[in-house]
Each structure stands twice: as C-alpha cells, then as structure tokens.
Amino acid sequence: MAFVEPLQNKYSLVKGAARRARQLQCGAPSLGVSTSSKACRVAQDEIRVGKVTYSVSSAPQPSATSPDE
C-alpha cells in the first residue's frame, strides 16, 4: 500500500498532528468524521483529508556573533 504524503517529512506530520490533538483535547470541535475517539487519531485523519493545514518554519539562522567574543 503506497500512500504519497504531501508533507515534507514524517516529523512535520507528527508535530502538526500533536498540535491539533492538543487543540481537540482542549475542546476544539472536530472538523470531520473519524472512526476513532482519540484526539491524536482524529488529528491525523483531519490532516490526511486536508481539513487541517499547517506550515513548517525554516530553521533559525545562526547568530552573527562568535562565542569567542
């Protein structure tokens, strides 16, 4: 079973799903129908069908100062 993820990587999926799961646990309404009652699975289902989107920010740039200064 091959499923093409439109996401950058699995880590970004986990971070996005975790953030959405916390929202669901705090009382946010579900945006779709899920077969599970667990917030983590509901969040993954919402991301998979495109009801929830998120962006991954780029890595922070190193500072211009040197630790020797």
# chains A, B, ... in the order shown; residues from 1 in each chain; ligands from 1
call {"tool": "residues_around", "arguments": {"residues": "range 37-39 of chain A", "least_positions_apart": "6", "cutoff": "8 Å", "atoms": "only C-alpha atoms", "output": "PyMOL selection string"}}
result
chain A and resi 21-22+24-25
call {"tool": "atom_distance", "arguments": {"atom1": "CA of Gln23 in chain A", "atom2": "CA of Val52 in chain A"}}
result
11.7 Å
call {"tool": "residues_around", "arguments": {"residues": "Ala18 in chain A", "least_positions_apart": "6", "cutoff": "10 Å", "atoms": "only C-alpha atoms", "output": "short mmCIF file (atom, residue, chain, number, x, y, z; two decimals) with N, CA and C atoms, in the first residue's frame"}}
result
data_model
loop_
_atom_site.label_atom_id
_atom_site.label_comp_id
_atom_site.auth_asym_id
_atom_site.auth_seq_id
_atom_site.Cartn_x
_atom_site.Cartn_y
_atom_site.Cartn_z
N SER A 12 7.28 16.43 10.51
CA SER A 12 6.36 17.56 10.41
C SER A 12 4.91 17.09 10.59
N LEU A 24 -7.84 19.71 20.12
CA LEU A 24 -9.03 18.88 20.29
C LEU A 24 -9.25 18.53 21.76
N ALA A 39 -7.92 11.79 20.29
CA ALA A 39 -7.59 13.07 19.69
C ALA A 39 -6.45 12.97 18.68
N CYS A 40 -5.45 12.16 18.97
CA CYS A 40 -4.30 12.03 18.07
C CYS A 40 -4.73 11.45 16.72
N ARG A 41 -5.56 10.42 16.75
CA ARG A 41 -6.02 9.80 15.50
C ARG A 41 -6.96 10.72 14.73
N ALA A 43 -6.85 13.95 14.76
CA ALA A 43 -5.99 14.97 14.18
C ALA A 43 -5.30 14.45 12.91
N GLN A 44 -4.82 13.23 12.95
CA GLN A 44 -4.17 12.63 11.77
C GLN A 44 -5.16 12.49 10.62
#
call {"tool": "atom_distance", "arguments": {"atom1": "CA of Tyr11 in chain A", "atom2": "CA of Thr53 in chain A"}}
result
14.7 Å
call {"tool": "atom_distance", "arguments": {"atom1": "CA of Leu13 in chain A", "atom2": "CA of Ile47 in chain A"}}
result
8.3 Å
